[in-house]
Amino acid sequence: MSTARTSAAAIHGVSVSLIEVEADLGNGIPGFIILGLPDASLNEARERIKAAARNTGIPLANRKLTVNLSPATLPKYGSGFDLAILVAALAADHQLLASPSTLYLAELGLDGTLRAVPGVLPAVQLAKEHGLDRVIVAEANGNEARLVEGIEVKSARHLGQVLEFCGAQKELITMHLHHPGPAVAPALSTLASASHDEADLQLVNGQQEARLALELAAAGRHHLIMVGPAGAGKTMLAKCLPTIIPPLDDSQALEATAVHSITSGAMHEVNQLQRTPPFVAPHHTSSLSALIGGGTAQLIPGAITRAHHGILFLDEAAQFNTGVLDALRQPIEEGYINLARARSHQRLPARFQLILASNPCPCGRNFGTGTGCTCTPMARRRYFARLSGPILDRVDLQVRVNPVHQSQLLSTAQNESSAIVRERVRATRERSQERLRPFAISCNAQIPTQILRHELRYPAKTKAALEQLAARRGLSARGIHRLLRVAWTVADQQQHAAPTEDDLAVAAHLRQSLENS
């Protein structure tokens with residue numbers, strides 16, 4: 001019998017499927033055929049595999065080799081199948097033993113070097129769920145694979161090490177490990193700490209209202225927009241947000257790390273779970289596909305998926321294409337995005353916190369009396385109208401950020417640091433979670449309408465004040481509910497059992513009307 005089987009993994013969006021790799025050596029004209037809807041990069045694996053096997057000292061047999069990737073109806077993408085295909089081919093030639101209960105995940109270099117591939121963490125999780133007992137990956141993916149407990153992980157730098165482990169004749173194997181491997185990017189934890197160490201609320205002078213809004217946004221995971229002239233500190237405040245948010249819990253960290261592994265795992269070494277919330281800040285020229293994800297044959301996750309359980313920061317929000325911003329409506333409400341194409345359909349996670357920053361007008365000087373603004377009234381209206389009403393209606397906190405006076409800006413007085421604010425945020429979240437635990441909800445921004453209306457009780461005076469406020473401002477039903485959720489966060493911060501009239505007034509003040517900024 002000249003057939004053998006191994007296991008590999010295929011990535012689709014942010015989901016992973018277990019793939020059975022079957023190799024068959026038959027008679028006929030020598031050749032190498034890969035079946036099972038491979039893409040171009042996977043078809044190119046034939047030459048990589050042949051060169052790697054030859055340079056490792058155990059070449060493929062000069063016979064007709066047929067490789068089938070099952071299920072055959074599922075499209076396959078990428079170079080992560082190289083190792084599984086090669087081991088199956090050599091096992092079919094009886095040169096080594098291959099176990100179907102072992103998952104092989106690595107790209108091959110022409111000299112037999114094993115290179116990192118994306119999606120190792122979710123692939124190892126899937127292998128464990130399906131009862132596989134071993135995973136073999138490139139050395140650069142070893143630490144990432146070991147984040148999953150309960151499954152044996154072996155990492156190697158060279159194909160020869162894998163073949164030796166699989167029972168190939170040691171005297172035949174040739175390994176060249178003297179040359180340095182490709183440069184490895186810093187680990188995930190190093191990147192996170194380096195990017196956030198530079199931003200600290202202690203560096204922000206003044207802006208007390210914006211600081212309060214930022215703290216409430218962190219405590220309740222509320223969406224926030226800051227509108228003000230250039231240089232007022234909007235971007236710095238936004239970059240401080242990850243420094244005042246408590247670390248992700250185990251479930252959130254596992255999901256965020258899995259998304260990072262699939263989208264960037266081959267470029268950045270992952271050594272531990274991502275506890276710091278992701279901070280994704282696409283440029284305002286980003287396309288619709290770049291923001292929400294897309295593609296034709298293969299659906300690629302966008303910025304909103306990379307920001308899952310983290311922060312999506314859109315600087316210069318009014319410069320974004322209106323259609324791009326409006327595409328955020330569904331994921332803001334539901335926490336996921338459904339991408340449907342002719343060939344495939346994917347549901348991608350997108351539970352992000354939206355932070356917007358915008359100038360009030362094209363020249364950016366329309367603040368205070370507006371005497372420094374050179375824009376016409378029509379230009380100002382057109383500029384800010386790019387932020388549509390439905391998008392602004394979904395943003396809980398809406399604040400103006402005006403320039404700080406020079407004396408305050410140059411003051412040497414100590415401001416509250418991010419560490420101090422983070423402890424307050426942690427305490428506020430703990431009070432929220434204690435109240436919401438019976439409903440299996442983790443933060444105020446995610447309270448469903450049914451629970452907000454009927455399960456959570458608040459004083460009659462607060463209800464009357466809310467009715468008057470909604471009538472005076474002409475709030476939509478969504479706006480009323482979002483205002484009430486912010487009021488609950490203010491109440492938790494002030495250690496109140498339920499929102500008071502003052503808590504509601506604070507929430508209303510921080511949800512200003514910005515259309516005429």
# chains A, B, ... in the order shown; residues from 1 in each chain; ligands from 1
$ select_by_dssp --residues "region 395-452 of chain A" --states "strand (DSSP E)" --output "MDAnalysis selection string"
chainID A and resid 397:400
$ select_by_dssp --residues "region 91-327 of chain A" --states "helix (DSSP H, G or I)" --output "PyMOL selection string"
chain A and resi 91-92+120-129+139-145+159-165+170-172+188-197+201-203+208-220+234-244+250-264+288-292+303-306+317-319+322-326
$ residues_around --residues "region 43-59 of chain A" --least-positions-apart "2" --cutoff "10 Å" --atoms "only C-alpha atoms" --output "ChimeraX atom specification"
/A:31-35,37-41,61-62,77-83,85-87,89-90,95,107-114,158-161,163,168-176
$ write_last_selection --atoms "C-alpha atoms" --output "PDB file, in the first residue's frame"
ATOM      1  CA  GLY A  31       4.599  14.003 -11.512  1.00  0.00           C
ATOM      2  CA  PHE A  32       3.332  15.837  -8.446  1.00  0.00           C
ATOM      3  CA  ILE A  33      -0.367  16.739  -8.286  1.00  0.00           C
ATOM      4  CA  ILE A  34      -2.156  18.529  -5.421  1.00  0.00           C
ATOM      5  CA  LEU A  35      -5.935  18.154  -5.282  1.00  0.00           C
ATOM      6  CA  LEU A  37      -8.926  23.357  -4.297  1.00  0.00           C
ATOM      7  CA  PRO A  38      -5.392  24.651  -3.604  1.00  0.00           C
ATOM      8  CA  ASP A  39      -4.588  28.290  -4.300  1.00  0.00           C
ATOM      9  CA  ALA A  40      -1.522  29.528  -6.207  1.00  0.00           C
ATOM     10  CA  SER A  41       0.763  29.637  -3.146  1.00  0.00           C
ATOM     11  CA  ALA A  61      10.454   9.137  -5.242  1.00  0.00           C
ATOM     12  CA  ASN A  62      10.517   9.727  -8.987  1.00  0.00           C
ATOM     13  CA  TYR A  77      -4.772  28.864   1.078  1.00  0.00           C
ATOM     14  CA  GLY A  78      -1.214  29.536   2.147  1.00  0.00           C
ATOM     15  CA  SER A  79       2.045  27.711   2.744  1.00  0.00           C
ATOM     16  CA  GLY A  80       1.198  26.052   6.059  1.00  0.00           C
ATOM     17  CA  PHE A  81       0.559  22.683   4.366  1.00  0.00           C
ATOM     18  CA  ASP A  82       4.181  22.186   3.221  1.00  0.00           C
ATOM     19  CA  LEU A  83       5.366  20.039   6.116  1.00  0.00           C
ATOM     20  CA  ILE A  85       2.415  17.162   2.518  1.00  0.00           C
ATOM     21  CA  LEU A  86       6.109  16.252   2.614  1.00  0.00           C
ATOM     22  CA  VAL A  87       5.771  13.913   5.592  1.00  0.00           C
ATOM     23  CA  ALA A  89       4.675  11.793   0.685  1.00  0.00           C
ATOM     24  CA  LEU A  90       7.738  10.234   2.348  1.00  0.00           C
ATOM     25  CA  GLN A  95      10.821   6.075   4.222  1.00  0.00           C
ATOM     26  CA  GLU A 107       6.367  26.355   5.730  1.00  0.00           C
ATOM     27  CA  LEU A 108       9.455  24.858   4.115  1.00  0.00           C
ATOM     28  CA  GLY A 109      12.476  26.708   2.820  1.00  0.00           C
ATOM     29  CA  LEU A 110      14.370  25.276  -0.125  1.00  0.00           C
ATOM     30  CA  ASP A 111      17.172  24.119   2.197  1.00  0.00           C
ATOM     31  CA  GLY A 112      14.737  22.447   4.596  1.00  0.00           C
ATOM     32  CA  THR A 113      14.399  25.283   7.080  1.00  0.00           C
ATOM     33  CA  LEU A 114      11.041  25.387   8.875  1.00  0.00           C
ATOM     34  CA  HIS A 158      14.962  22.114  10.182  1.00  0.00           C
ATOM     35  CA  LEU A 159      13.089  19.455   8.265  1.00  0.00           C
ATOM     36  CA  GLY A 160      15.779  16.923   9.150  1.00  0.00           C
ATOM     37  CA  GLN A 161      14.804  17.107  12.829  1.00  0.00           C
ATOM     38  CA  LEU A 163      12.164  13.419   9.654  1.00  0.00           C
ATOM     39  CA  ALA A 168      13.798   8.250   8.918  1.00  0.00           C
ATOM     40  CA  GLN A 169      17.313   6.815   8.699  1.00  0.00           C
ATOM     41  CA  LYS A 170      19.516   9.240  10.554  1.00  0.00           C
ATOM     42  CA  GLU A 171      22.591   8.599   8.389  1.00  0.00           C
ATOM     43  CA  LEU A 172      20.707   9.761   5.297  1.00  0.00           C
ATOM     44  CA  ILE A 173      19.615  13.108   6.750  1.00  0.00           C
ATOM     45  CA  THR A 174      21.538  16.266   5.899  1.00  0.00           C
ATOM     46  CA  MET A 175      20.940  19.410   7.936  1.00  0.00           C
ATOM     47  CA  HIS A 176      22.454  22.840   7.406  1.00  0.00           C
TER      48      HIS A 176
END
$ closest_atom_pairs --of "region 395-426 of chain A" --to "region 214-238 of chain A" --cutoff "7 Å" --atoms "only C-alpha atoms" --output "CSV"
residue,atom,partner,partner_atom,distance
A:Val395,CA,A:His223,CA,5.0
A:Asp396,CA,A:His223,CA,5.3
A:Leu397,CA,A:Leu224,CA,4.6
A:Gln398,CA,A:Ile225,CA,5.0
A:Val399,CA,A:Met226,CA,5.2
A:Arg400,CA,A:Val227,CA,4.8
A:Val401,CA,A:Gly228,CA,4.7
A:Asn402,CA,A:Gly228,CA,5.5
A:Pro403,CA,A:Ala232,CA,4.6
A:Val404,CA,A:Ala232,CA,6.9
A:Val425,CA,A:Ala219,CA,5.0
$ atom_distance --atom1 "CA of Phe313 (chain A)" --atom2 "CA of Leu325 (chain A)"
12.1 Å
